[in-house]
file coords_1.tsv (TSV, N, CA and C atoms)
chain	number	residue	atom	x	y	z
A	1	MET	N	-2.76	4.49	-17.52
A	1	MET	CA	-1.41	4.46	-16.98
A	1	MET	C	-1.16	5.68	-16.10
A	2	ASP	N	-1.71	6.83	-16.49
A	2	ASP	CA	-1.52	8.04	-15.70
A	2	ASP	C	-2.14	7.90	-14.31
A	3	GLN	N	-3.27	7.16	-14.22
A	3	GLN	CA	-3.90	6.95	-12.92
A	3	GLN	C	-2.99	6.16	-11.99
A	4	PHE	N	-2.27	5.20	-12.53
A	4	PHE	CA	-1.38	4.39	-11.73
A	4	PHE	C	-0.22	5.24	-11.20
A	5	VAL	N	0.36	6.03	-12.07
A	5	VAL	CA	1.47	6.89	-11.67
A	5	VAL	C	0.99	7.94	-10.67
A	6	ALA	N	-0.20	8.50	-10.91
A	6	ALA	CA	-0.75	9.50	-9.99
A	6	ALA	C	-1.01	8.89	-8.61
A	7	ALA	N	-1.54	7.68	-8.57
A	7	ALA	CA	-1.80	7.01	-7.28
A	7	ALA	C	-0.48	6.74	-6.56
A	8	TYR	N	0.53	6.35	-7.31
A	8	TYR	CA	1.85	6.07	-6.73
A	8	TYR	C	2.47	7.34	-6.16
A	9	LYS	N	2.42	8.41	-6.94
A	9	LYS	CA	2.98	9.69	-6.49
A	9	LYS	C	2.21	10.21	-5.28
A	10	ASP	N	0.89	10.04	-5.29
A	10	ASP	CA	0.08	10.49	-4.16
A	10	ASP	C	0.47	9.77	-2.89
A	11	ALA	N	0.63	8.46	-2.97
A	11	ALA	CA	1.02	7.68	-1.79
A	11	ALA	C	2.41	8.08	-1.31
A	12	LEU	N	3.32	8.32	-2.23
A	12	LEU	CA	4.67	8.72	-1.83
A	12	LEU	C	4.71	10.14	-1.28
A	13	SER	N	3.83	11.01	-1.79
A	13	SER	CA	3.80	12.38	-1.27
A	13	SER	C	3.26	12.42	0.15
A	14	LYS	N	2.50	11.39	0.53
A	14	LYS	CA	1.99	11.28	1.90
A	14	LYS	C	2.80	10.19	2.62
A	15	TYR	N	4.11	10.29	2.49
A	15	TYR	CA	5.07	9.27	2.91
A	15	TYR	C	4.74	8.62	4.24
A	16	ALA	N	4.54	9.42	5.26
A	16	ALA	CA	4.29	8.86	6.60
A	16	ALA	C	3.01	9.44	7.19
A	17	GLN	N	2.04	9.73	6.34
A	17	GLN	CA	0.76	10.28	6.81
A	17	GLN	C	-0.19	9.11	7.09
A	18	PHE	N	-0.46	8.89	8.35
A	18	PHE	CA	-1.31	7.78	8.76
A	18	PHE	C	-2.74	8.22	9.02
A	19	SER	N	-3.04	9.49	8.80
A	19	SER	CA	-4.40	9.98	9.00
A	19	SER	C	-5.05	10.19	7.64
A	20	GLY	N	-6.37	10.21	7.63
A	20	GLY	CA	-7.11	10.41	6.40
A	20	GLY	C	-7.56	9.09	5.80
A	21	ARG	N	-8.00	9.17	4.56
A	21	ARG	CA	-8.57	8.00	3.89
A	21	ARG	C	-7.93	7.82	2.52
A	22	LEU	N	-7.99	6.60	2.00
A	22	LEU	CA	-7.48	6.28	0.67
A	22	LEU	C	-8.48	5.34	0.01
A	23	SER	N	-8.92	5.70	-1.17
A	23	SER	CA	-9.94	4.91	-1.87
A	23	SER	C	-9.40	3.54	-2.26
A	24	VAL	N	-10.32	2.62	-2.50
A	24	VAL	CA	-9.93	1.26	-2.87
A	24	VAL	C	-9.14	1.27	-4.18
A	25	GLY	N	-9.58	2.07	-5.15
A	25	GLY	CA	-8.87	2.15	-6.43
A	25	GLY	C	-7.49	2.75	-6.28
A	26	GLY	N	-7.38	3.82	-5.50
A	26	GLY	CA	-6.09	4.45	-5.27
A	26	GLY	C	-5.11	3.52	-4.59
A	27	TYR	N	-5.60	2.74	-3.63
A	27	TYR	CA	-4.73	1.81	-2.92
A	27	TYR	C	-4.24	0.71	-3.85
A	28	TRP	N	-5.13	0.09	-4.61
A	28	TRP	CA	-4.72	-1.03	-5.45
A	28	TRP	C	-3.89	-0.60	-6.65
A	29	ARG	N	-4.06	0.63	-7.12
A	29	ARG	CA	-3.16	1.15	-8.17
A	29	ARG	C	-1.75	1.33	-7.59
A	30	PHE	N	-1.68	1.83	-6.35
A	30	PHE	CA	-0.38	1.97	-5.67
A	30	PHE	C	0.28	0.61	-5.51
A	31	VAL	N	-0.49	-0.39	-5.11
A	31	VAL	CA	0.03	-1.74	-4.94
A	31	VAL	C	0.51	-2.31	-6.28
A	32	ALA	N	-0.25	-2.06	-7.34
A	32	ALA	CA	0.12	-2.58	-8.67
A	32	ALA	C	1.46	-2.02	-9.12
A	33	VAL	N	1.67	-0.73	-8.92
A	33	VAL	CA	2.95	-0.12	-9.31
A	33	VAL	C	4.07	-0.70	-8.45
A	34	ASN	N	3.81	-0.90	-7.16
A	34	ASN	CA	4.83	-1.51	-6.30
A	34	ASN	C	5.20	-2.91	-6.76
A	35	VAL	N	4.22	-3.70	-7.11
A	35	VAL	CA	4.48	-5.07	-7.56
A	35	VAL	C	5.28	-5.04	-8.87
A	36	ALA	N	4.90	-4.16	-9.78
A	36	ALA	CA	5.62	-4.06	-11.05
A	36	ALA	C	7.07	-3.64	-10.83
A	37	ALA	N	7.28	-2.66	-9.96
A	37	ALA	CA	8.65	-2.22	-9.67
A	37	ALA	C	9.45	-3.34	-9.01
A	38	TRP	N	8.81	-4.04	-8.08
A	38	TRP	CA	9.49	-5.14	-7.40
A	38	TRP	C	9.91	-6.23	-8.40
A	39	ILE	N	9.04	-6.54	-9.35
A	39	ILE	CA	9.36	-7.55	-10.37
A	39	ILE	C	10.56	-7.11	-11.20
A	40	VAL	N	10.60	-5.83	-11.56
A	40	VAL	CA	11.74	-5.31	-12.33
A	40	VAL	C	13.03	-5.47	-11.53
A	41	PHE	N	12.98	-5.12	-10.24
A	41	PHE	CA	14.18	-5.23	-9.41
A	41	PHE	C	14.61	-6.68	-9.22
A	42	VAL	N	13.67	-7.58	-9.09
A	42	VAL	CA	14.00	-9.00	-8.95
A	42	VAL	C	14.62	-9.53	-10.23
A	43	ILE	N	14.08	-9.13	-11.38
A	43	ILE	CA	14.66	-9.55	-12.66
A	43	ILE	C	16.09	-9.02	-12.79
A	44	LEU	N	16.29	-7.76	-12.42
A	44	LEU	CA	17.65	-7.20	-12.47
A	44	LEU	C	18.59	-7.97	-11.54
A	45	ALA	N	18.08	-8.36	-10.38
A	45	ALA	CA	18.91	-9.12	-9.44
A	45	ALA	C	19.24	-10.50	-9.99
A	46	GLN	N	18.33	-11.09	-10.77
A	46	GLN	CA	18.60	-12.39	-11.37
A	46	GLN	C	19.64	-12.27	-12.48
A	47	ILE	N	19.59	-11.16	-13.22
A	47	ILE	CA	20.54	-10.95	-14.30
A	47	ILE	C	21.94	-10.71	-13.73
A	48	ALA	N	22.01	-9.85	-12.74
A	48	ALA	CA	23.30	-9.54	-12.10
A	48	ALA	C	23.08	-9.56	-10.60
A	49	SER	N	23.51	-10.61	-9.95
A	49	SER	CA	23.24	-10.78	-8.53
A	49	SER	C	23.78	-9.63	-7.68
A	50	ALA	N	24.73	-8.89	-8.20
A	50	ALA	CA	25.25	-7.74	-7.46
A	50	ALA	C	24.20	-6.64	-7.34
A	51	LEU	N	23.17	-6.69	-8.17
A	51	LEU	CA	22.13	-5.65	-8.15
A	51	LEU	C	21.01	-5.96	-7.16
A	52	ILE	N	21.14	-7.03	-6.39
A	52	ILE	CA	20.08	-7.35	-5.43
A	52	ILE	C	19.92	-6.23	-4.40
A	53	PHE	N	20.97	-5.46	-4.20
A	53	PHE	CA	20.86	-4.35	-3.25
A	53	PHE	C	19.80	-3.34	-3.71
A	54	LEU	N	19.56	-3.23	-5.03
A	54	LEU	CA	18.51	-2.33	-5.50
A	54	LEU	C	17.14	-2.77	-5.01
A	55	ALA	N	16.88	-4.06	-5.06
A	55	ALA	CA	15.60	-4.58	-4.58
A	55	ALA	C	15.45	-4.35	-3.09
A	56	VAL	N	16.52	-4.55	-2.35
A	56	VAL	CA	16.47	-4.35	-0.90
A	56	VAL	C	16.26	-2.87	-0.57
A	57	ILE	N	16.96	-2.00	-1.26
A	57	ILE	CA	16.81	-0.56	-1.03
A	57	ILE	C	15.40	-0.12	-1.37
A	58	TYR	N	14.86	-0.60	-2.49
A	58	TYR	CA	13.49	-0.25	-2.87
A	58	TYR	C	12.51	-0.72	-1.79
A	59	TRP	N	12.67	-1.96	-1.34
A	59	TRP	CA	11.77	-2.50	-0.33
A	59	TRP	C	11.82	-1.66	0.95
A	60	LEU	N	13.00	-1.29	1.38
A	60	LEU	CA	13.14	-0.47	2.58
A	60	LEU	C	12.53	0.92	2.39
A	61	ALA	N	12.73	1.49	1.19
A	61	ALA	CA	12.22	2.84	0.92
A	61	ALA	C	10.70	2.87	0.85
A	62	ILE	N	10.08	1.80	0.41
A	62	ILE	CA	8.65	1.80	0.19
A	62	ILE	C	7.87	1.21	1.38
A	63	LEU	N	8.57	0.72	2.38
A	63	LEU	CA	7.93	0.07	3.53
A	63	LEU	C	6.99	1.02	4.28
A	64	ILE	N	7.47	2.17	4.69
A	64	ILE	CA	6.64	3.13	5.45
A	64	ILE	C	5.47	3.64	4.61
A	65	PRO	N	5.69	4.07	3.34
A	65	PRO	CA	4.54	4.52	2.55
A	65	PRO	C	3.50	3.41	2.34
A	66	SER	N	3.94	2.17	2.24
A	66	SER	CA	2.99	1.06	2.06
A	66	SER	C	2.15	0.85	3.30
A	67	ILE	N	2.77	0.92	4.46
A	67	ILE	CA	2.02	0.78	5.70
A	67	ILE	C	1.06	1.95	5.87
A	68	ALA	N	1.53	3.15	5.58
A	68	ALA	CA	0.67	4.34	5.69
A	68	ALA	C	-0.53	4.24	4.75
A	69	ALA	N	-0.30	3.76	3.52
A	69	ALA	CA	-1.40	3.61	2.57
A	69	ALA	C	-2.41	2.58	3.06
A	70	ALA	N	-1.93	1.49	3.63
A	70	ALA	CA	-2.83	0.45	4.15
A	70	ALA	C	-3.64	0.99	5.33
A	71	VAL	N	-3.02	1.78	6.17
A	71	VAL	CA	-3.74	2.37	7.31
A	71	VAL	C	-4.82	3.32	6.81
A	72	ARG	N	-4.48	4.17	5.84
A	72	ARG	CA	-5.49	5.09	5.28
A	72	ARG	C	-6.60	4.32	4.58
A	73	ARG	N	-6.27	3.18	3.98
A	73	ARG	CA	-7.28	2.33	3.34
A	73	ARG	C	-8.23	1.77	4.39
A	74	MET	N	-7.69	1.33	5.53
A	74	MET	CA	-8.53	0.84	6.63
A	74	MET	C	-9.45	1.95	7.11
A	75	HIS	N	-8.93	3.16	7.21
A	75	HIS	CA	-9.75	4.29	7.62
A	75	HIS	C	-10.91	4.50	6.66
A	76	ASP	N	-10.68	4.27	5.38
A	76	ASP	CA	-11.74	4.45	4.39
A	76	ASP	C	-12.89	3.48	4.61
A	77	THR	N	-12.58	2.31	5.16
A	77	THR	CA	-13.63	1.32	5.43
A	77	THR	C	-14.22	1.48	6.82
A	78	GLY	N	-13.76	2.50	7.56
A	78	GLY	CA	-14.29	2.77	8.88
A	78	GLY	C	-13.63	1.98	10.00
A	79	LYS	N	-12.52	1.34	9.71
A	79	LYS	CA	-11.80	0.55	10.71
A	79	LYS	C	-10.57	1.30	11.18
A	80	SER	N	-10.10	0.96	12.34
A	80	SER	CA	-8.88	1.54	12.88
A	80	SER	C	-7.69	1.08	12.05
A	81	GLY	N	-6.73	1.96	11.88
A	81	GLY	CA	-5.52	1.60	11.14
A	81	GLY	C	-4.73	0.50	11.82
A	82	ALA	N	-4.93	0.34	13.13
A	82	ALA	CA	-4.24	-0.71	13.87
A	82	ALA	C	-4.66	-2.10	13.39
A	83	MET	N	-5.77	-2.19	12.70
A	83	MET	CA	-6.24	-3.47	12.19
A	83	MET	C	-5.27	-4.04	11.15
A	84	VAL	N	-4.40	-3.21	10.61
A	84	VAL	CA	-3.37	-3.68	9.67
A	84	VAL	C	-2.49	-4.71	10.37
A	85	LEU	N	-2.32	-4.57	11.67
A	85	LEU	CA	-1.49	-5.50	12.43
A	85	LEU	C	-2.06	-6.92	12.44
A	86	VAL	N	-3.35	-7.05	12.19
A	86	VAL	CA	-3.97	-8.37	12.10
A	86	VAL	C	-3.31	-9.16	10.97
A	87	GLY	N	-2.81	-8.45	9.97
A	87	GLY	CA	-2.14	-9.10	8.84
A	87	GLY	C	-0.89	-9.87	9.24
A	88	LEU	N	-0.38	-9.62	10.42
A	88	LEU	CA	0.82	-10.33	10.89
A	88	LEU	C	0.49	-11.70	11.47
A	89	ILE	N	-0.78	-11.97	11.71
A	89	ILE	CA	-1.18	-13.24	12.29
A	89	ILE	C	-1.39	-14.25	11.16
A	90	PRO	N	-0.68	-15.36	11.19
A	90	PRO	CA	-0.83	-16.36	10.12
A	90	PRO	C	-2.29	-16.80	9.96
A	91	LEU	N	-2.73	-16.94	8.74
A	91	LEU	CA	-4.07	-17.33	8.32
A	91	LEU	C	-5.14	-16.32	8.71
A	92	VAL	N	-5.19	-15.90	9.96
A	92	VAL	CA	-6.17	-14.90	10.38
A	92	VAL	C	-5.91	-13.59	9.64
A	93	GLY	N	-4.66	-13.34	9.31
A	93	GLY	CA	-4.28	-12.13	8.61
A	93	GLY	C	-4.92	-11.98	7.24
A	94	LEU	N	-5.45	-13.05	6.70
A	94	LEU	CA	-6.13	-12.97	5.39
A	94	LEU	C	-7.36	-12.07	5.46
A	95	ILE	N	-7.89	-11.87	6.65
A	95	ILE	CA	-9.04	-10.99	6.82
A	95	ILE	C	-8.69	-9.58	6.37
A	96	VAL	N	-7.45	-9.18	6.56
A	96	VAL	CA	-7.02	-7.84	6.16
A	96	VAL	C	-7.21	-7.64	4.66
A	97	ILE	N	-6.93	-8.66	3.87
A	97	ILE	CA	-7.12	-8.55	2.42
A	97	ILE	C	-8.58	-8.30	2.09
A	98	VAL	N	-9.47	-8.96	2.80
A	98	VAL	CA	-10.92	-8.73	2.59
A	98	VAL	C	-11.25	-7.28	2.90
A	99	TRP	N	-10.71	-6.75	3.98
A	99	TRP	CA	-10.97	-5.36	4.34
A	99	TRP	C	-10.37	-4.39	3.32
A	100	LEU	N	-9.21	-4.74	2.75
A	100	LEU	CA	-8.56	-3.85	1.78
A	100	LEU	C	-9.31	-3.77	0.46
A	101	VAL	N	-10.04	-4.82	0.10
A	101	VAL	CA	-10.80	-4.80	-1.16
A	101	VAL	C	-12.23	-4.33	-0.96
A	102	GLN	N	-12.64	-4.18	0.29
A	102	GLN	CA	-13.99	-3.73	0.62
A	102	GLN	C	-14.19	-2.28	0.18
A	103	ALA	N	-15.39	-1.98	-0.27
A	103	ALA	CA	-15.71	-0.60	-0.65
A	103	ALA	C	-15.66	0.29	0.59
A	104	GLY	N	-15.24	1.52	0.39
A	104	GLY	CA	-15.15	2.46	1.50
A	104	GLY	C	-16.51	3.04	1.85
A	105	ASP	N	-16.57	3.69	3.00
A	105	ASP	CA	-17.80	4.38	3.40
A	105	ASP	C	-18.08	5.50	2.41
A	106	PRO	N	-19.29	5.57	1.85
A	106	PRO	CA	-19.59	6.61	0.87
A	106	PRO	C	-19.71	8.00	1.49
A	107	SER	N	-19.92	8.06	2.78
A	107	SER	CA	-20.04	9.36	3.45
A	107	SER	C	-18.85	9.55	4.39
A	108	SER	N	-18.80	10.72	4.99
A	108	SER	CA	-17.72	11.00	5.93
A	108	SER	C	-17.82	10.07	7.14
A	109	ASN	N	-16.68	9.70	7.67
A	109	ASN	CA	-16.64	8.92	8.90
A	109	ASN	C	-15.67	9.61	9.86
A	110	GLN	N	-15.33	8.97	10.96
A	110	GLN	CA	-14.46	9.61	11.96
A	110	GLN	C	-13.06	9.92	11.43
A	111	TYR	N	-12.71	9.38	10.25
A	111	TYR	CA	-11.38	9.60	9.68
A	111	TYR	C	-11.37	10.66	8.59
A	112	GLY	N	-12.53	11.21	8.27
A	112	GLY	CA	-12.59	12.28	7.28
A	112	GLY	C	-13.56	11.98	6.15
A	113	ALA	N	-13.51	12.84	5.15
A	113	ALA	CA	-14.37	12.72	3.98
A	113	ALA	C	-13.77	11.69	3.02
A	114	PRO	N	-14.62	11.04	2.22
A	114	PRO	CA	-14.08	10.06	1.24
A	114	PRO	C	-13.21	10.74	0.20
A	115	THR	N	-12.25	9.99	-0.32
A	115	THR	CA	-11.37	10.50	-1.38
A	115	THR	C	-11.89	10.02	-2.72
A	116	ALA	N	-11.50	10.71	-3.75
A	116	ALA	CA	-11.96	10.35	-5.10
A	116	ALA	C	-11.18	9.18	-5.66
call {"tool": "encode", "arguments": {"input": "coords_1.tsv", "output": "structure tokens"}}
result
Amino acid sequence: MDQFVAAYKDALSKYAQFSGRLSVGGYWRFVAVNVAAWIVFVILAQIASALIFLAVIYWLAILIPSIAAAVRRMHDTGKSGAMVLVGLIPLVGLIVIVWLVQAGDPSSNQYGAPTA
């Protein structure tokens, strides 16, 4: 559980840092915490529809860190962060998921040294 919280805090501490690398484990732990938080907010919105603003505020607050984490994840696989934009193309965007689960370069690449 501490690894999940640490990955989440790490991604948030690099709020808008689009340079560097992010390991596959660090990225997916960050995603897992985001999904869990989103589920909690959706449940709260279902219980009291007036609380839907919490889900919207959370989504807006986490948007930039999520994009930054995905870009750093792409860098870890040796791809340009701009490749995240491929995810906006219907069906073709599924390729991005393959890249996000791909193991990172074990050695340094043009984006820096690998992260732990």
call {"tool": "atom_distance", "arguments": {"input": "coords_1.tsv", "atom1": "atom N of Gly81 in chain A", "atom2": "CA of Gln110 in chain A"}}
result
10.9 Å
call {"tool": "residues_around", "arguments": {"input": "coords_1.tsv", "residues": "Phe4 in chain A", "least_positions_apart": "6", "cutoff": "12 Å", "atoms": "only C-alpha atoms", "output": "short mmCIF file (atom, residue, chain, number, x, y, z; two decimals) with N, CA and C atoms, in the frame of the given file"}}
result
data_model
loop_
_atom_site.label_atom_id
_atom_site.label_comp_id
_atom_site.auth_asym_id
_atom_site.auth_seq_id
_atom_site.Cartn_x
_atom_site.Cartn_y
_atom_site.Cartn_z
N ASP A 10 0.89 10.04 -5.29
CA ASP A 10 0.08 10.49 -4.16
C ASP A 10 0.47 9.77 -2.89
N ALA A 11 0.63 8.46 -2.97
CA ALA A 11 1.02 7.68 -1.79
C ALA A 11 2.41 8.08 -1.31
N GLY A 25 -9.58 2.07 -5.15
CA GLY A 25 -8.87 2.15 -6.43
C GLY A 25 -7.49 2.75 -6.28
N GLY A 26 -7.38 3.82 -5.50
CA GLY A 26 -6.09 4.45 -5.27
C GLY A 26 -5.11 3.52 -4.59
N TYR A 27 -5.60 2.74 -3.63
CA TYR A 27 -4.73 1.81 -2.92
C TYR A 27 -4.24 0.71 -3.85
N TRP A 28 -5.13 0.09 -4.61
CA TRP A 28 -4.72 -1.03 -5.45
C TRP A 28 -3.89 -0.60 -6.65
N ARG A 29 -4.06 0.63 -7.12
CA ARG A 29 -3.16 1.15 -8.17
C ARG A 29 -1.75 1.33 -7.59
N PHE A 30 -1.68 1.83 -6.35
CA PHE A 30 -0.38 1.97 -5.67
C PHE A 30 0.28 0.61 -5.51
N VAL A 31 -0.49 -0.39 -5.11
CA VAL A 31 0.03 -1.74 -4.94
C VAL A 31 0.51 -2.31 -6.28
N ALA A 32 -0.25 -2.06 -7.34
CA ALA A 32 0.12 -2.58 -8.67
C ALA A 32 1.46 -2.02 -9.12
N VAL A 33 1.67 -0.73 -8.92
CA VAL A 33 2.95 -0.12 -9.31
C VAL A 33 4.07 -0.70 -8.45
N ASN A 34 3.81 -0.90 -7.16
CA ASN A 34 4.83 -1.51 -6.30
C ASN A 34 5.20 -2.91 -6.76
N VAL A 35 4.22 -3.70 -7.11
CA VAL A 35 4.48 -5.07 -7.56
C VAL A 35 5.28 -5.04 -8.87
N ALA A 36 4.90 -4.16 -9.78
CA ALA A 36 5.62 -4.06 -11.05
C ALA A 36 7.07 -3.64 -10.83
#
call {"tool": "residues_around", "arguments": {"input": "coords_1.tsv", "residues": "Tyr111 in chain A", "least_positions_apart": "3", "cutoff": "7 Å", "atoms": "only N, CA and C atoms", "output": "list in words"}}
result
Ser19, Gly20, Arg21, His75, Asp76, Gly78 and Ser108 of chain A
call {"tool": "write_last_selection", "arguments": {"input": "coords_1.tsv", "atoms": "N, CA and C atoms", "output": "PDB file, keeping the file's coordinate frame"}}
result
ATOM      1  N   SER A  19      -3.040   9.490   8.800  1.00  0.00           N
ATOM      2  CA  SER A  19      -4.400   9.980   9.000  1.00  0.00           C
ATOM      3  C   SER A  19      -5.050  10.190   7.640  1.00  0.00           C
ATOM      4  N   GLY A  20      -6.370  10.210   7.630  1.00  0.00           N
ATOM      5  CA  GLY A  20      -7.110  10.410   6.400  1.00  0.00           C
ATOM      6  C   GLY A  20      -7.560   9.090   5.800  1.00  0.00           C
ATOM      7  N   ARG A  21      -8.000   9.170   4.560  1.00  0.00           N
ATOM      8  CA  ARG A  21      -8.570   8.000   3.890  1.00  0.00           C
ATOM      9  C   ARG A  21      -7.930   7.820   2.520  1.00  0.00           C
ATOM     10  N   HIS A  75      -8.930   3.160   7.210  1.00  0.00           N
ATOM     11  CA  HIS A  75      -9.750   4.290   7.620  1.00  0.00           C
ATOM     12  C   HIS A  75     -10.910   4.500   6.660  1.00  0.00           C
ATOM     13  N   ASP A  76     -10.680   4.270   5.380  1.00  0.00           N
ATOM     14  CA  ASP A  76     -11.740   4.450   4.390  1.00  0.00           C
ATOM     15  C   ASP A  76     -12.890   3.480   4.610  1.00  0.00           C
ATOM     16  N   GLY A  78     -13.760   2.500   7.560  1.00  0.00           N
ATOM     17  CA  GLY A  78     -14.290   2.770   8.880  1.00  0.00           C
ATOM     18  C   GLY A  78     -13.630   1.980  10.000  1.00  0.00           C
ATOM     19  N   SER A 108     -18.800  10.720   4.990  1.00  0.00           N
ATOM     20  CA  SER A 108     -17.720  11.000   5.930  1.00  0.00           C
ATOM     21  C   SER A 108     -17.820  10.070   7.140  1.00  0.00           C
TER      22      SER A 108
END
call {"tool": "axis_aligned_box", "arguments": {"input": "coords_1.tsv", "around": "range 3-17 of chain A", "padding_each_side": "5 Å", "output": "AutoDock Vina command-line options"}}
result
--center_x 0.6 --center_y 8.4 --center_z -3.5 --size_x 19.0 --size_y 18.0 --size_z 31.4
call {"tool": "atom_distance", "arguments": {"input": "coords_1.tsv", "atom1": "atom C of Pro65 in chain A", "atom2": "atom C of Tyr15 in chain A"}}
result
5.7 Å
call {"tool": "atom_distance", "arguments": {"input": "coords_1.tsv", "atom1": "CA of Val5 in chain A", "atom2": "atom N of Trp38 in chain A"}}
result
13.6 Å
call {"tool": "select_by_dssp", "arguments": {"input": "coords_1.tsv", "residues": "chain A", "states": "helix (DSSP H, G or I)", "output": "VMD selection string"}}
result
chain A and resid 2 to 13 24 to 47 49 to 76 81 to 88 94 to 101
call {"tool": "residues_around", "arguments": {"input": "coords_1.tsv", "residues": "range 53-63 of chain A", "least_positions_apart": "5", "cutoff": "8 Å", "atoms": "only C-alpha atoms", "output": "ChimeraX atom specification"}}
result
/A:38,41-42,45
call {"tool": "residues_around", "arguments": {"input": "coords_1.tsv", "residues": "Leu100 in chain A", "least_positions_apart": "6", "cutoff": "6.5 Å", "atoms": "all atoms listed in the file", "output": "PDB file with N, CA and C atoms, in the coordinates of the input"}}
result
ATOM      1  N   VAL A  24     -10.320   2.620  -2.500  1.00  0.00           N
ATOM      2  CA  VAL A  24      -9.930   1.260  -2.870  1.00  0.00           C
ATOM      3  C   VAL A  24      -9.140   1.270  -4.180  1.00  0.00           C
ATOM      4  N   ARG A  73      -6.270   3.180   3.980  1.00  0.00           N
ATOM      5  CA  ARG A  73      -7.280   2.330   3.340  1.00  0.00           C
ATOM      6  C   ARG A  73      -8.230   1.770   4.390  1.00  0.00           C
ATOM      7  N   MET A  74      -7.690   1.330   5.530  1.00  0.00           N
ATOM      8  CA  MET A  74      -8.530   0.840   6.630  1.00  0.00           C
ATOM      9  C   MET A  74      -9.450   1.950   7.110  1.00  0.00           C
TER      10      MET A  74
END
call {"tool": "residues_around", "arguments": {"input": "coords_1.tsv", "residues": "Ile67 in chain A", "least_positions_apart": "5", "cutoff": "9 Å", "atoms": "only C-alpha atoms", "output": "PyMOL selection string"}}
result
chain A and resi 16+18+62+72+84
call {"tool": "closest_residue", "arguments": {"input": "coords_1.tsv", "among": "A:Ser66, A:Trp99, A:Leu85, A:Asn109", "to": "Leu12 in chain A", "atoms": "only N, CA and C atoms"}}
result
A:Ser66
call {"tool": "decode", "arguments": {"input": "coords_1.tsv", "residues": "range 76-81 of chain A", "atoms": "all heavy atoms", "output": "PDB file, in the first residue's frame"}}
result
ATOM      1  N   ASP A  76      10.203   6.647 -20.921  1.00  0.00           N
ATOM      2  CA  ASP A  76      10.858   5.453 -20.385  1.00  0.00           C
ATOM      3  C   ASP A  76      10.970   4.357 -21.432  1.00  0.00           C
ATOM      4  O   ASP A  76      11.896   3.568 -21.410  1.00  0.00           O
ATOM      5  CB  ASP A  76      10.100   4.938 -19.154  1.00  0.00           C
ATOM      6  CG  ASP A  76      10.880   3.890 -18.387  1.00  0.00           C
ATOM      7  OD1 ASP A  76      12.070   4.136 -18.108  1.00  0.00           O
ATOM      8  OD2 ASP A  76      10.311   2.842 -18.070  1.00  0.00           O
ATOM      9  N   THR A  77      10.030   4.329 -22.366  1.00  0.00           N
ATOM     10  CA  THR A  77      10.073   3.311 -23.425  1.00  0.00           C
ATOM     11  C   THR A  77      10.839   3.797 -24.650  1.00  0.00           C
ATOM     12  O   THR A  77      10.903   3.102 -25.663  1.00  0.00           O
ATOM     13  CB  THR A  77       8.650   2.893 -23.860  1.00  0.00           C
ATOM     14  OG1 THR A  77       7.972   4.030 -24.389  1.00  0.00           O
ATOM     15  CG2 THR A  77       7.873   2.295 -22.707  1.00  0.00           C
ATOM     16  N   GLY A  78      11.401   5.022 -24.562  1.00  0.00           N
ATOM     17  CA  GLY A  78      12.196   5.551 -25.656  1.00  0.00           C
ATOM     18  C   GLY A  78      11.388   6.268 -26.725  1.00  0.00           C
ATOM     19  O   GLY A  78      11.905   6.593 -27.786  1.00  0.00           O
ATOM     20  N   LYS A  79      10.134   6.526 -26.458  1.00  0.00           N
ATOM     21  CA  LYS A  79       9.269   7.211 -27.426  1.00  0.00           C
ATOM     22  C   LYS A  79       9.061   8.658 -27.009  1.00  0.00           C
ATOM     23  O   LYS A  79       9.174   9.003 -25.848  1.00  0.00           O
ATOM     24  CB  LYS A  79       7.926   6.496 -27.524  1.00  0.00           C
ATOM     25  CG  LYS A  79       8.048   5.122 -28.136  1.00  0.00           C
ATOM     26  CD  LYS A  79       6.752   4.373 -28.050  1.00  0.00           C
ATOM     27  CE  LYS A  79       6.884   2.965 -28.562  1.00  0.00           C
ATOM     28  NZ  LYS A  79       7.954   2.194 -27.962  1.00  0.00           N
ATOM     29  N   SER A  80       8.718   9.477 -27.963  1.00  0.00           N
ATOM     30  CA  SER A  80       8.416  10.877 -27.694  1.00  0.00           C
ATOM     31  C   SER A  80       7.126  10.968 -26.878  1.00  0.00           C
ATOM     32  O   SER A  80       6.190  10.187 -27.074  1.00  0.00           O
ATOM     33  CB  SER A  80       8.242  11.629 -29.019  1.00  0.00           C
ATOM     34  OG  SER A  80       7.706  12.902 -28.785  1.00  0.00           O
ATOM     35  N   GLY A  81       7.084  11.928 -25.980  1.00  0.00           N
ATOM     36  CA  GLY A  81       5.875  12.135 -25.184  1.00  0.00           C
ATOM     37  C   GLY A  81       4.686  12.528 -26.031  1.00  0.00           C
ATOM     38  O   GLY A  81       3.539  12.323 -25.644  1.00  0.00           O
TER      39      GLY A  81
END
